[in-house]
>>> print(open('query33.txt').read())   # compact mmCIF, C-alpha atoms
# COMPACT_ATOMS: atom_id res chain seq x y z
CA MET A 3 -1.00 17.09 -1.16
CA SER A 4 -0.53 18.32 2.41
CA ASP A 5 2.33 17.55 4.79
CA ASP A 6 0.05 15.09 6.58
CA TRP A 7 -1.23 12.99 3.67
CA LEU A 8 -1.14 12.29 -0.07
CA LEU A 9 -4.29 12.39 -2.19
CA PRO A 10 -4.20 10.29 -5.36
CA GLU A 11 -4.32 11.93 -8.75
CA TRP A 12 -6.16 9.23 -10.66
CA GLU A 13 -9.26 8.47 -12.70
CA ALA A 14 -11.49 7.24 -9.88
CA PRO A 15 -15.11 8.44 -9.78
CA PRO A 16 -16.11 11.17 -7.31
CA ALA A 17 -17.72 8.69 -4.91
CA VAL A 18 -14.32 7.07 -4.25
CA TYR A 19 -12.06 8.52 -1.55
CA ALA A 20 -8.45 7.47 -1.03
CA VAL A 21 -5.49 8.79 0.93
CA THR A 22 -2.03 7.81 2.16
CA THR A 23 -0.77 9.29 5.40
CA THR A 24 2.76 10.59 5.89
CA ARG A 25 4.71 10.54 9.12
CA HIS A 26 3.29 13.95 10.12
CA GLY A 27 0.22 14.95 12.09
CA GLY A 28 0.17 12.53 15.03
CA VAL A 29 1.23 12.29 18.65
CA SER A 30 3.81 9.48 18.65
CA THR A 31 7.35 10.37 19.69
CA GLY A 32 10.86 9.02 19.25
CA LEU A 33 11.39 6.41 16.55
CA TRP A 34 7.67 6.48 15.69
CA ALA A 35 7.19 10.25 15.40
CA SER A 36 4.54 11.23 14.73
CA MET A 37 1.54 9.77 12.80
CA ASN A 38 2.02 6.06 13.38
CA PRO A 39 -1.27 4.11 13.20
CA ALA A 40 0.38 0.67 13.44
CA SER A 41 -0.09 -1.29 16.65
CA HIS A 42 2.55 -3.97 15.94
CA VAL A 43 5.77 -1.92 15.73
CA GLY A 44 6.56 -1.21 19.38
CA ASP A 45 4.93 2.20 19.70
CA ASP A 46 2.97 3.25 22.80
CA PRO A 47 -0.51 1.71 22.36
CA ALA A 48 -2.16 4.86 23.68
CA ALA A 49 -0.35 6.94 21.07
CA VAL A 50 -1.43 4.54 18.31
CA LEU A 51 -5.07 4.82 19.39
CA ALA A 52 -4.76 8.62 19.52
CA ASN A 53 -3.25 8.66 16.03
CA ARG A 54 -6.09 6.54 14.69
CA ALA A 55 -8.59 8.90 16.28
CA CYS A 56 -6.78 11.84 14.69
CA LEU A 57 -7.08 10.16 11.31
CA ARG A 58 -10.80 9.60 11.68
CA THR A 59 -11.32 13.26 12.60
CA ALA A 60 -8.91 14.92 10.18
CA LEU A 61 -10.03 12.87 7.18
CA GLY A 62 -13.71 12.74 8.10
CA LEU A 63 -13.70 8.97 7.88
CA PRO A 64 -17.11 7.29 7.95
CA GLY A 65 -15.85 4.71 10.44
CA GLU A 66 -12.79 2.98 11.87
CA PRO A 67 -10.62 1.51 9.10
CA VAL A 68 -10.57 -2.27 8.84
CA TRP A 69 -6.95 -2.94 9.84
CA LEU A 70 -5.27 -6.14 8.66
CA ARG A 71 -2.61 -8.43 10.10
CA GLN A 72 -0.32 -8.38 7.09
CA VAL A 73 1.94 -11.35 6.34
CA HIS A 74 3.30 -10.68 2.82
CA GLY A 75 0.79 -13.15 1.41
CA VAL A 76 -2.01 -13.11 -1.15
CA ARG A 77 -5.15 -13.45 0.93
CA VAL A 78 -7.84 -10.91 0.05
CA VAL A 79 -10.74 -10.32 2.43
CA GLU A 80 -14.00 -8.45 2.20
CA ALA A 81 -13.48 -5.66 4.71
CA GLY A 82 -15.75 -5.84 7.73
CA ARG A 83 -17.02 -9.32 6.89
CA ASP A 84 -14.13 -11.43 8.10
CA GLY A 85 -13.56 -10.65 11.75
CA VAL A 86 -11.41 -8.11 13.56
CA GLU A 87 -7.98 -7.52 12.01
CA PRO A 88 -8.07 -10.55 9.71
CA GLU A 89 -4.78 -12.02 8.50
CA ALA A 90 -4.60 -10.80 4.92
CA ASP A 91 -2.67 -8.47 2.64
CA ALA A 92 -5.54 -6.95 0.69
CA ALA A 93 -9.11 -5.93 1.38
CA TRP A 94 -12.06 -4.87 -0.73
CA THR A 95 -15.59 -3.64 -0.22
CA GLY A 96 -18.66 -2.76 -2.19
CA ARG A 97 -20.39 -1.18 0.79
CA PRO A 98 -20.35 2.60 1.24
CA GLY A 99 -18.72 3.78 4.45
CA VAL A 100 -16.44 0.75 4.94
CA VAL A 101 -12.81 1.89 5.02
CA CYS A 102 -10.21 -0.53 3.65
CA ALA A 103 -6.65 -0.06 4.90
CA VAL A 104 -3.09 -1.33 4.59
CA LEU A 105 0.05 -0.26 6.45
CA THR A 106 3.42 0.18 4.74
CA ALA A 107 6.93 1.52 5.32
CA ASP A 108 8.72 0.64 2.03
CA CYS A 109 6.31 -1.93 0.60
CA LEU A 110 3.96 -0.68 -2.10
CA PRO A 111 0.31 0.16 -1.35
CA VAL A 112 -1.92 -0.29 -4.40
CA VAL A 113 -5.43 1.20 -4.43
CA PHE A 114 -8.18 -0.07 -6.73
CA ALA A 115 -11.52 1.43 -7.74
CA ASP A 116 -14.02 0.58 -10.39
CA ARG A 117 -15.19 3.31 -12.74
CA GLY A 118 -18.78 2.71 -11.72
CA ALA A 119 -18.04 3.18 -8.01
CA ARG A 120 -19.31 -0.32 -7.27
CA CYS A 121 -16.25 -1.42 -5.29
CA VAL A 122 -12.82 -0.40 -4.00
CA ALA A 123 -9.80 -2.29 -2.69
CA VAL A 124 -6.28 -1.80 -1.38
CA ALA A 125 -3.34 -4.23 -1.40
CA HIS A 126 -0.02 -4.43 0.46
CA ALA A 127 2.60 -5.38 -2.12
CA GLY A 128 6.21 -5.85 -1.13
CA TRP A 129 8.37 -7.93 -3.43
CA ARG A 130 7.19 -11.18 -1.83
CA GLY A 131 3.55 -10.25 -2.25
CA LEU A 132 4.10 -9.11 -5.82
CA ALA A 133 5.88 -12.34 -6.70
CA ALA A 134 3.21 -14.44 -5.00
CA GLY A 135 0.43 -12.66 -6.90
CA VAL A 136 -1.33 -10.39 -4.40
CA LEU A 137 -2.33 -7.91 -7.11
CA GLU A 138 -3.72 -10.63 -9.35
CA ALA A 139 -5.60 -12.10 -6.39
CA THR A 140 -7.13 -8.71 -5.62
CA VAL A 141 -8.27 -8.18 -9.19
CA ALA A 142 -9.75 -11.68 -9.26
CA GLN A 143 -11.68 -11.06 -6.04
CA LEU A 144 -13.41 -7.90 -7.22
CA PRO A 145 -16.92 -8.33 -8.67
CA VAL A 146 -16.19 -6.21 -11.76
CA PRO A 147 -14.12 -6.79 -14.91
CA ALA A 148 -10.45 -5.85 -14.73
CA ALA A 149 -11.03 -3.51 -17.67
CA ASP A 150 -13.31 -1.38 -15.45
CA LEU A 151 -10.63 -0.81 -12.80
CA VAL A 152 -8.42 2.18 -12.14
CA THR A 153 -5.44 1.91 -9.79
CA TRP A 154 -3.03 4.15 -7.91
CA LEU A 155 0.43 3.28 -6.65
CA GLY A 156 1.22 4.89 -3.31
CA PRO A 157 4.63 5.65 -1.80
CA ALA A 158 7.19 2.84 -1.67
CA ILE A 159 10.94 2.38 -1.66
CA GLY A 160 12.24 3.67 -4.99
CA PRO A 161 14.25 1.83 -7.64
CA ALA A 162 17.47 3.70 -6.80
CA ALA A 163 17.32 2.51 -3.18
CA PHE A 164 15.82 -0.98 -3.22
CA GLU A 165 18.86 -3.25 -3.49
CA VAL A 166 18.10 -6.98 -3.53
CA GLY A 167 19.94 -10.23 -4.07
CA ALA A 168 19.99 -12.12 -7.34
CA GLU A 169 17.53 -14.61 -5.88
CA VAL A 170 14.80 -11.94 -5.84
CA ARG A 171 15.31 -11.16 -9.51
CA ASP A 172 15.39 -14.87 -10.28
CA VAL A 173 11.94 -15.35 -8.75
CA PHE A 174 10.42 -12.73 -11.03
CA MET A 175 12.36 -13.78 -14.12
CA ALA A 176 11.20 -17.38 -13.67
CA GLN A 177 7.61 -16.15 -13.84
CA ASP A 178 7.98 -13.63 -16.68
CA ALA A 179 11.20 -12.69 -18.48
CA ARG A 180 9.78 -9.21 -19.07
CA ALA A 181 10.36 -8.53 -15.38
CA GLY A 182 14.01 -8.00 -16.27
CA ALA A 183 13.14 -4.45 -17.28
CA ALA A 184 12.39 -3.68 -13.61
CA PHE A 185 15.88 -4.59 -12.40
CA ALA A 186 19.13 -2.66 -12.75
CA PRO A 187 22.51 -4.21 -11.93
CA GLY A 188 24.24 -3.23 -8.70
CA ALA A 189 27.55 -4.24 -7.18
CA ASP A 190 28.70 -7.76 -6.31
CA GLY A 191 25.94 -9.52 -8.21
CA ARG A 192 23.13 -7.61 -6.55
CA TRP A 193 20.29 -5.74 -8.24
CA TYR A 194 18.13 -2.67 -7.80
CA ALA A 195 14.44 -3.54 -8.02
CA ASP A 196 11.65 -1.24 -9.22
CA LEU A 197 8.53 -2.14 -7.25
CA TYR A 198 6.52 0.38 -9.24
CA GLY A 199 7.63 -1.15 -12.52
CA LEU A 200 6.89 -4.68 -11.34
CA ALA A 201 3.42 -3.65 -10.16
CA ARG A 202 2.65 -1.97 -13.48
CA GLN A 203 3.69 -5.11 -15.33
CA ARG A 204 1.53 -7.30 -13.14
CA LEU A 205 -1.51 -5.08 -13.42
CA ALA A 206 -1.20 -4.78 -17.19
CA ALA A 207 -0.89 -8.56 -17.50
CA CYS A 208 -4.19 -9.09 -15.70
CA GLY A 209 -6.03 -6.54 -17.81
CA VAL A 210 -6.06 -3.39 -15.67
CA PRO A 211 -5.84 -0.47 -18.13
CA ALA A 212 -5.27 2.54 -15.84
CA VAL A 213 -2.31 2.62 -13.44
CA GLN A 214 -1.30 5.95 -11.94
CA GLY A 215 0.88 7.21 -9.11
CA GLY A 216 4.34 6.01 -8.16
CA GLY A 217 7.52 8.03 -8.18
CA TRP A 218 8.10 8.50 -4.45
CA CYS A 219 10.90 6.90 -2.45
CA THR A 220 10.17 6.19 1.19
CA TYR A 221 13.80 5.32 1.88
CA SER A 222 15.18 8.59 0.50
CA ASP A 223 12.58 10.97 1.95
CA ALA A 224 13.05 10.65 5.71
CA ALA A 225 11.29 13.96 6.34
CA ARG A 226 8.01 12.68 4.91
CA PHE A 227 7.96 8.88 5.10
CA TYR A 228 8.71 6.00 7.42
CA SER A 229 11.13 3.42 6.00
CA TYR A 230 11.76 0.04 7.57
CA ARG A 231 14.87 -0.57 5.50
CA ARG A 232 16.34 2.78 6.47
CA ASP A 233 15.43 2.84 10.16
CA GLY A 234 14.48 -0.67 11.31
CA THR A 235 12.23 0.22 14.25
CA THR A 236 9.80 2.78 12.85
CA GLY A 237 6.16 3.61 12.22
CA ARG A 238 3.95 2.90 9.25
CA MET A 239 1.96 4.92 6.73
CA ALA A 240 -1.70 4.04 6.25
CA THR A 241 -3.30 3.86 2.81
CA LEU A 242 -7.09 4.05 3.00
CA VAL A 243 -9.88 3.78 0.44
CA TRP A 244 -13.66 3.89 0.81
CA LEU A 245 -16.90 4.58 -1.00
CA ALA A 246 -18.97 7.59 -0.05
CA GLY A 247 -22.42 6.94 1.33
CA PRO A 248 -25.60 7.84 -0.54
>>> encode(input="query33.txt", output="structure tokens")
Amino acid sequence: MSDDWLLPEWEAPPAVYAVTTTRHGGVSTGLWASMNPASHVGDDPAAVLANRACLRTALGLPGEPVWLRQVHGVRVVEAGRDGVEPEADAAWTGRPGVVCAVLTADCLPVVFADRGARCVAVAHAGWRGLAAGVLEATVAQLPVPAADLVTWLGPAIGPAAFEVGAEVRDVFMAQDARAGAAFAPGADGRWYADLYGLARQRLAACGVPAVQGGGWCTYSDAARFYSYRRDGTTGRMATLVWLAGP
């Protein structure tokens, strides 16, 4: 891990590349300092384009990432086959050199790869997306069995910081009572939610055997990560995954 990005420690094959950026290494200033690749958060458009160019160069990307217009939903698209910046919260590809991407600043990025390096995917999973089934939709979209997948959980708001109302817990409990293990009681009827724990439950339930990563807290680590809940107006981290070319 460098100051500028996180590299997953997971069981993906060598042909799979994945990374999550931090807030370091770019040119944005002020509330968005410094590596903000998101064009929808009020940053200077020229700075965003410069940051994206920095990413391509620093990471040796095979092409421009396929950026999504994320809406906390469950739509999964095949990256590069569904227009420019499609409205979706997950993307996959089986084509080498196509870079799938999601942007987060407290929500959970989840990266998928198959052990045979036939496909990769990445999903944007806040609590609404998790409850709606974005991880299950991503697994269902991939052209390989769930048992062949390995996954990595990137940086998200941690369970000691993510306070939610009882209605959020109720949504998950109505779907699966085992979700109760991912909630700890707070004050005044509120709860602390563990996005990592909820994601692990969801992935296990749909047959994904290998789930690694997790353990960061974007809210608590202001030096390294953007956090929407902490700062309101802020940048985003990018989580990227792609297959190497032949």
>>> residues_around(input="query33.txt", residues="segment 220-236 of chain A", least_positions_apart="6", cutoff="6 Å", atoms="all atoms listed in the file", output="NGL selection string")
:A and (24-25 or 33-34 or 107-108 or 158-159)
>>> write_last_selection(input="query33.txt", atoms="C-alpha atoms", output="JSON list (two decimals), keeping the file's coordinate frame")
[["chain", "number", "residue", "atom", "x", "y", "z"],
["A", 24, "THR", "CA", 2.76, 10.59, 5.89],
["A", 25, "ARG", "CA", 4.71, 10.54, 9.12],
["A", 33, "LEU", "CA", 11.39, 6.41, 16.55],
["A", 34, "TRP", "CA", 7.67, 6.48, 15.69],
["A", 107, "ALA", "CA", 6.93, 1.52, 5.32],
["A", 108, "ASP", "CA", 8.72, 0.64, 2.03],
["A", 158, "ALA", "CA", 7.19, 2.84, -1.67],
["A", 159, "ILE", "CA", 10.94, 2.38, -1.66]]
>>> closest_atom_pairs(input="query33.txt", of="segment 75-147 of chain A", to="segment 195-206 of chain A", cutoff="12 Å", atoms="all atoms listed in the file", output="CSV")
residue,atom,partner,partner_atom,distance
A:Asp108,CA,A:Leu197,CA,9.7
A:Cys109,CA,A:Leu197,CA,8.2
A:Leu110,CA,A:Leu197,CA,7.0
A:Pro111,CA,A:Tyr198,CA,10.0
A:Val112,CA,A:Ala201,CA,8.5
A:Val113,CA,A:Ala201,CA,11.6
A:Phe114,CA,A:Leu205,CA,10.7
A:Ala125,CA,A:Ala201,CA,11.1
A:His126,CA,A:Ala201,CA,11.2
A:Ala127,CA,A:Ala201,CA,8.3
A:Gly128,CA,A:Leu197,CA,7.5
A:Trp129,CA,A:Leu197,CA,6.9
A:Arg130,CA,A:Leu197,CA,10.6
A:Gly131,CA,A:Ala201,CA,10.3
A:Leu132,CA,A:Ala201,CA,7.0
A:Ala133,CA,A:Leu200,CA,9.0
A:Ala134,CA,A:Arg204,CA,11.0
A:Gly135,CA,A:Arg204,CA,8.3
A:Val136,CA,A:Arg204,CA,9.7
A:Leu137,CA,A:Leu205,CA,7.0
A:Glu138,CA,A:Leu205,CA,7.2
A:Ala139,CA,A:Leu205,CA,10.7
A:Thr140,CA,A:Leu205,CA,10.3
A:Val141,CA,A:Leu205,CA,8.6
A:Ala142,CA,A:Leu205,CA,11.3
>>> residues_around(input="query33.txt", residues="segment 57-62 of chain A", least_positions_apart="6", cutoff="9 Å", atoms="all atoms listed in the file", output="tab-separated table (two decimals) with C-alpha atoms, in the coordinates of the input")
chain	number	residue	atom	x	y	z
A	21	VAL	CA	-5.49	8.79	0.93
A	23	THR	CA	-0.77	9.29	5.40
A	27	GLY	CA	0.22	14.95	12.09
A	28	GLY	CA	0.17	12.53	15.03
A	37	MET	CA	1.54	9.77	12.80
A	39	PRO	CA	-1.27	4.11	13.20
>>> axis_aligned_box(input="query33.txt", around="segment 78-87 of chain A", padding_each_side="5 Å", output="AutoDock Vina command-line options")
--center_x -12.4 --center_y -8.5 --center_z 6.8 --size_x 19.2 --size_y 15.8 --size_z 23.5
>>> atom_distance(input="query33.txt", atom1="atom CA of Arg171 of chain A", atom2="atom CA of Leu144 of chain A")
29.0 Å
>>> atom_distance(input="query33.txt", atom1="atom CA of Gly237 of chain A", atom2="atom CA of Val76 of chain A")
22.9 Å
>>> closest_residue(input="query33.txt", among="A:Ala49, A:Gly182, A:Val101, A:Pro16", to="Gly32 of chain A", atoms="only C-alpha atoms")
A:Ala49
>>> residues_around(input="query33.txt", residues="Val29 of chain A", least_positions_apart="5", cutoff="12 Å", atoms="all atoms listed in the file", output="count of residues only")
20
>>> atom_distance(input="query33.txt", atom1="atom CA of Met175 of chain A", atom2="atom CA of Cys208 of chain A")
17.3 Å
>>> residues_near_point(input="query33.txt", point="(-1.1, 8.6, -7.6)", cutoff="6 Å", atoms="all atoms listed in the file", output="PyMOL selection string")
chain A and resi 10-12+154-155+214-215
>>> closest_residue(input="query33.txt", among="A:Gly85, A:Gly216, A:Tyr19, A:Gly44", to="Pro98 of chain A", atoms="only C-alpha atoms")
A:Tyr19
>>> closest_atom_pairs(input="query33.txt", of="segment 73-164 of chain A", to="segment 183-192 of chain A", cutoff="12 Å", atoms="all atoms listed in the file", output="tab-separated table")
residue	atom	partner	partner_atom	distance
A:Trp129	CA	A:Ala184	CA	11.7
A:Gly160	CA	A:Ala184	CA	11.3
A:Pro161	CA	A:Phe185	CA	8.2
A:Ala162	CA	A:Ala186	CA	8.9
A:Ala163	CA	A:Gly188	CA	10.6
A:Phe164	CA	A:Phe185	CA	9.9
>>> write_last_selection(input="query33.txt", atoms="C-alpha atoms", output="compact mmCIF listing (two decimals), keeping the file's coordinate frame")
# COMPACT_ATOMS: atom_id res chain seq x y z
CA TRP A 129 8.37 -7.93 -3.43
CA GLY A 160 12.24 3.67 -4.99
CA PRO A 161 14.25 1.83 -7.64
CA ALA A 162 17.47 3.70 -6.80
CA ALA A 163 17.32 2.51 -3.18
CA PHE A 164 15.82 -0.98 -3.22
>>> closest_residue(input="query33.txt", among="A:Arg238, A:Ala115, A:Glu89, A:Val73", to="Val43 of chain A", atoms="all atoms listed in the file")
A:Arg238
>>> closest_residue(input="query33.txt", among="A:Gly118, A:Gly217, A:Gly65, A:Gly156", to="Pro15 of chain A", atoms="all atoms listed in the file")
A:Gly118
